[in-house]
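> The structure that follows is given in the form of structure tokens.
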Amino acid sequence: MPVAQLIFHGTLIHSEGLNNLVILENAVIVIDAEGRIIALEENVPESDIPAILRKLKIDDNDVKIRRLRPTDFLIPGFV
């Protein structure tokens, strides 16, 4: 069972190559205690987050869910 430390819901931006930028809206990204991405789901309405967590066997009472504002975005892995 994955041990989630933090969950983000909102817009994620990542690059699949030098010339290919991907924007994922309403995405859920699950981060473990070591800072690793353990799950990523696209096009998830906020109301479906508990079902995603159940599918991943993650207790939503044990994690912090950060809901990004419409003007916020996350670039996972950008260092």
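For the structure tokens, the naming scheme is as follows: chains receive sequential letters (A, B, ...) according to their order of presentation, residues are indexed from 1 within each chain, and ligands are indexed from 1 in presentation order.
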Pick out each residue of chain A that DSSP on the backbone tags as alpha helix (DSSP H); I need them as a ChimeraX atom specification.
/A:49-55
> Please identify all polymer residues within 10 Å of stretch 67-75 of chain A, counting only C-alpha atoms, omitting same-chain residues fewer than 2 positions from it, and present them as a count of residues only.
21
> Given only C-alpha atoms as the basis, pick out the residue of A:Leu21, A:Glu16, A:Leu53, A:Asp62 nearest to A:Ile38.
A:Leu53
> I need the residues in chain A that are strand (DSSP E) according to DSSP; give them as a ChimeraX atom specification.
/A:4-17,20-32,37-41,64-67
> For each of A:Ile58, A:Ile49, A:Leu6, A:Leu18, take the minimum atom-to-atom distance to A:Arg36, counting only C-alpha atoms, then give the residue where this is smallest.
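Closest residue, counting only C-alpha atoms: A:Leu6.
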> For A:Ile52, which residue among A:Ile37, A:Gly17, A:Val22, A:Val30 is the nearest when counting only C-alpha atoms?
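Checking each of A:Ile37, A:Gly17, A:Val22, A:Val30 against A:Ile52, counting only C-alpha atoms, the winner is A:Val30.
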> Pick the closest to A:Glu41 from A:Arg66, A:Ala27, A:Gln5, A:Lys55: which is it, counting only C-alpha atoms?
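Comparing A:Arg66, A:Ala27, A:Gln5, A:Lys55 against A:Glu41, the winner is A:Ala27.
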> What does the distance between atom CA of A:Asp32 and atom CA of A:Asn61 come to in Å, to one decimal place?
15.0 Å
> So what do you get for atom CA of A:Asp59 versus atom CA of A:Asn43, distance-wise?
21.0 Å
